[in-house]
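See below for the structure under consideration.
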Amino acid sequence: MRAEPIELAAALGRFDQLWSPRIVTTVNDYDVRIAKVAGEHVWHSHDHTDEFFLVLDGELRIALRDGADGAEREVGLPRGAVFVVPRGVEHRPSAPDGASILMFEPSGTSSVGDRHDEVPGHVDATTGHRL
């Protein structure tokens, strides 16, 4: 943990990779991660943890398969919005015009969850990179 404040805009300026979260700090056993995103991520779910999203810039869309019949729906998150995907719910984040996001999740959580579709080359399957 750093003893100095972390300015998120400056931290986001330190990398260009998409769908490749950076760990900016930790709180107890949780990572605070930032990422630049554009296009589509991969359908995935986290069996043991919820997933928290805060949109810092742009707009994030999250497709969800959370109905009893597996029906899909989508939520749109403008800048400043937060959303929590409950554990076990299949979801696919996307940002057609690009976005910057902050995520709060247990340290060691994979960016592609516990169950996922094939991971395309533009997605970094990671537990986060130190900033």
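Just so we're on the same page: first chain in the structure tokens is A, next is B, and so on; residues restart at 1 for each chain, and ligands are numbered from 1 in the order they show up.
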Residues of region 26-47 of chain A that approach region 115-124 of chain A to 12 Å or less, counting only C-alpha atoms: could you list each one with the shortest pair of atoms and its distance in Å to one decimal, rows by chain and increasing residue number, as CSV?
```
residue,atom,partner,partner_atom,distance
A:Ala35,CA,A:Asp124,CA,10.9
A:Lys36,CA,A:Val123,CA,11.3
A:Val37,CA,A:Val123,CA,9.6
A:Ala38,CA,A:His122,CA,9.8
A:Gly39,CA,A:His122,CA,9.4
A:Glu40,CA,A:Val123,CA,8.9
A:His41,CA,A:Val123,CA,6.6
A:Val42,CA,A:Asp117,CA,6.2
A:Trp43,CA,A:His116,CA,5.7
A:His44,CA,A:His116,CA,4.1
A:Ser45,CA,A:Arg115,CA,5.6
A:His46,CA,A:Arg115,CA,7.0
A:Asp47,CA,A:Arg115,CA,7.9
```
Quick one: residues within 7 Å of region 54-59 of chain A, only C-alpha atoms counted, chain neighbours fewer than 6 positions away excluded, as a VMD selection string?
chain A and resid 77 to 83 95 98 to 103
Expected file: the selected residues, all heavy atoms, as a compact mmCIF listing (two decimals), in the first residue's frame:
```txt
# COMPACT_ATOMS: atom_id res chain seq x y z
N LEU A 77 -24.06 2.12 -17.97
CA LEU A 77 -23.49 2.89 -16.87
C LEU A 77 -22.76 4.11 -17.42
O LEU A 77 -21.69 3.99 -18.00
CB LEU A 77 -22.49 2.04 -16.08
CG LEU A 77 -22.99 0.71 -15.53
CD1 LEU A 77 -21.85 -0.13 -15.03
CD2 LEU A 77 -23.97 0.98 -14.42
N PRO A 78 -23.32 5.30 -17.22
CA PRO A 78 -22.62 6.52 -17.64
C PRO A 78 -21.52 6.87 -16.64
O PRO A 78 -21.41 6.26 -15.56
CB PRO A 78 -23.73 7.57 -17.63
CG PRO A 78 -24.68 7.09 -16.58
CD PRO A 78 -24.64 5.58 -16.67
N ARG A 79 -20.73 7.84 -16.97
CA ARG A 79 -19.67 8.32 -16.08
C ARG A 79 -20.25 8.61 -14.69
O ARG A 79 -21.30 9.22 -14.56
CB ARG A 79 -19.07 9.58 -16.66
CG ARG A 79 -17.97 10.15 -15.83
CD ARG A 79 -17.42 11.38 -16.47
NE ARG A 79 -16.37 11.92 -15.62
CZ ARG A 79 -15.94 13.15 -15.67
NH1 ARG A 79 -16.45 13.99 -16.55
NH2 ARG A 79 -15.00 13.55 -14.86
N GLY A 80 -19.57 8.11 -13.67
CA GLY A 80 -19.98 8.33 -12.29
C GLY A 80 -20.93 7.28 -11.74
O GLY A 80 -21.23 7.28 -10.56
N ALA A 81 -21.40 6.36 -12.58
CA ALA A 81 -22.35 5.33 -12.13
C ALA A 81 -21.61 4.12 -11.57
O ALA A 81 -20.50 3.80 -11.98
CB ALA A 81 -23.26 4.90 -13.28
N VAL A 82 -22.26 3.45 -10.63
CA VAL A 82 -21.74 2.21 -10.07
C VAL A 82 -22.75 1.10 -10.30
O VAL A 82 -23.95 1.35 -10.42
CB VAL A 82 -21.42 2.31 -8.56
CG1 VAL A 82 -20.37 3.36 -8.30
CG2 VAL A 82 -22.65 2.57 -7.74
N PHE A 83 -22.25 -0.13 -10.36
CA PHE A 83 -23.11 -1.30 -10.52
C PHE A 83 -22.39 -2.50 -9.94
O PHE A 83 -21.16 -2.62 -10.07
CB PHE A 83 -23.43 -1.54 -12.00
CG PHE A 83 -24.42 -2.64 -12.24
CD1 PHE A 83 -25.77 -2.45 -12.01
CD2 PHE A 83 -23.99 -3.88 -12.68
CE1 PHE A 83 -26.69 -3.47 -12.22
CE2 PHE A 83 -24.91 -4.91 -12.90
CZ PHE A 83 -26.26 -4.69 -12.67
N ALA A 95 -17.68 -1.58 -24.01
CA ALA A 95 -17.63 -0.12 -24.12
C ALA A 95 -17.36 0.23 -25.57
O ALA A 95 -16.20 0.35 -25.98
CB ALA A 95 -16.54 0.45 -23.21
N GLY A 98 -15.26 3.23 -25.73
CA GLY A 98 -14.18 3.27 -24.76
C GLY A 98 -14.62 3.85 -23.44
O GLY A 98 -15.54 4.66 -23.37
N ALA A 99 -13.97 3.41 -22.36
CA ALA A 99 -14.27 3.90 -21.02
C ALA A 99 -13.09 3.61 -20.11
O ALA A 99 -12.22 2.80 -20.43
CB ALA A 99 -15.53 3.21 -20.47
N SER A 100 -13.09 4.28 -18.98
CA SER A 100 -12.15 3.99 -17.90
C SER A 100 -12.99 3.60 -16.69
O SER A 100 -13.97 4.26 -16.38
CB SER A 100 -11.30 5.22 -17.55
OG SER A 100 -10.51 5.60 -18.65
N ILE A 101 -12.59 2.51 -16.03
CA ILE A 101 -13.40 1.98 -14.93
C ILE A 101 -12.54 1.70 -13.71
O ILE A 101 -11.32 1.54 -13.82
CB ILE A 101 -14.16 0.70 -15.35
CG1 ILE A 101 -13.20 -0.41 -15.76
CG2 ILE A 101 -15.15 1.02 -16.46
CD1 ILE A 101 -13.86 -1.75 -16.07
N LEU A 102 -13.18 1.63 -12.56
CA LEU A 102 -12.57 1.21 -11.31
C LEU A 102 -13.35 0.01 -10.81
O LEU A 102 -14.58 0.01 -10.86
CB LEU A 102 -12.62 2.35 -10.28
CG LEU A 102 -11.97 2.06 -8.93
CD1 LEU A 102 -11.29 3.32 -8.41
CD2 LEU A 102 -12.99 1.57 -7.92
N MET A 103 -12.62 -1.02 -10.39
CA MET A 103 -13.24 -2.24 -9.86
C MET A 103 -12.70 -2.49 -8.46
O MET A 103 -11.54 -2.17 -8.17
CB MET A 103 -12.93 -3.42 -10.77
CG MET A 103 -13.53 -3.28 -12.16
SD MET A 103 -12.73 -4.37 -13.36
CE MET A 103 -11.13 -3.59 -13.50
```
Let me make sure I understand: among A:Gly70, A:Pro21, A:Val89, A:Phe15, which one has the smallest atom-to-atom distance to Ser110 (chain A) if we use only C-alpha atoms?
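Result for the nearest residue to Ser110 (chain A): A:Pro21.
Atom to atom, CA of Asp66 (chain A) and CA of Asp29 (chain A) stand 27.3 Å apart.
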Using DSSP assignments from the backbone, pull out every residue in chain A that falls under alpha helix (DSSP H) and give it to me as number ranges by chain.
A: 8-12
Just-selected residues, N, CA, C and O atoms written as an mmCIF file, in the first residue's frame:
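Dumped everything to selection.cif:
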```
data_model
loop_
_atom_site.group_PDB
_atom_site.id
_atom_site.type_symbol
_atom_site.label_atom_id
_atom_site.label_comp_id
_atom_site.auth_asym_id
_atom_site.auth_seq_id
_atom_site.Cartn_x
_atom_site.Cartn_y
_atom_site.Cartn_z
ATOM 1 N N LEU A 8 -6.144 9.215 -9.834
ATOM 2 C CA LEU A 8 -6.565 8.187 -10.787
ATOM 3 C C LEU A 8 -6.325 8.570 -12.241
ATOM 4 O O LEU A 8 -5.930 7.725 -13.047
ATOM 5 N N ALA A 9 -6.535 9.836 -12.609
ATOM 6 C CA ALA A 9 -6.290 10.240 -13.998
ATOM 7 C C ALA A 9 -4.816 10.048 -14.363
ATOM 8 O O ALA A 9 -4.499 9.569 -15.451
ATOM 9 N N ALA A 10 -3.917 10.394 -13.460
ATOM 10 C CA ALA A 10 -2.484 10.198 -13.714
ATOM 11 C C ALA A 10 -2.164 8.705 -13.794
ATOM 12 O O ALA A 10 -1.376 8.280 -14.645
ATOM 13 N N ALA A 11 -2.765 7.911 -12.924
ATOM 14 C CA ALA A 11 -2.535 6.468 -12.951
ATOM 15 C C ALA A 11 -3.010 5.874 -14.278
ATOM 16 O O ALA A 11 -2.328 5.029 -14.865
ATOM 17 N N LEU A 12 -4.164 6.311 -14.755
ATOM 18 C CA LEU A 12 -4.668 5.824 -16.039
ATOM 19 C C LEU A 12 -3.758 6.231 -17.192
ATOM 20 O O LEU A 12 -3.673 5.537 -18.208
#
```
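Put simply, CA of Val27 (chain A) is 27.5 Å away from CA of Leu64 (chain A).
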Val32 (chain A) surroundings by only C-alpha atoms, 10 Å radius, close-in-sequence under 6 positions cut, as a list in words:
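Residues meeting the cut-off are Pro21, Arg22, Ile23, Val24, Thr25, Thr26, Phe52, Leu102, Met103, Phe104, Glu105, Pro106, Ser107 and Gly128 of chain A.
Those residues of region 38-83 of chain A that DSSP, working from the backbone, places in strand (DSSP E or B) are Ala38, Gly39, Glu40, His44, Ser45, Glu51, Phe52, Phe53, Leu54, Val55, Leu56, Asp57, Gly58, Leu60, Arg61, Ile62, Ala63, Leu64, Arg65, Glu72, Arg73, Glu74, Val75, Gly76, Leu77, Val82 and Phe83 of chain A.
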What gap, in Å, lies between CA of Trp19 (chain A) and CA of Gly108 (chain A)?
16.1 Å
Using only C-alpha atoms, the shortest atom-to-atom distance to Val75 (chain A) among A:His48, A:Arg87, A:Arg61, A:His129 belongs to A:Arg61
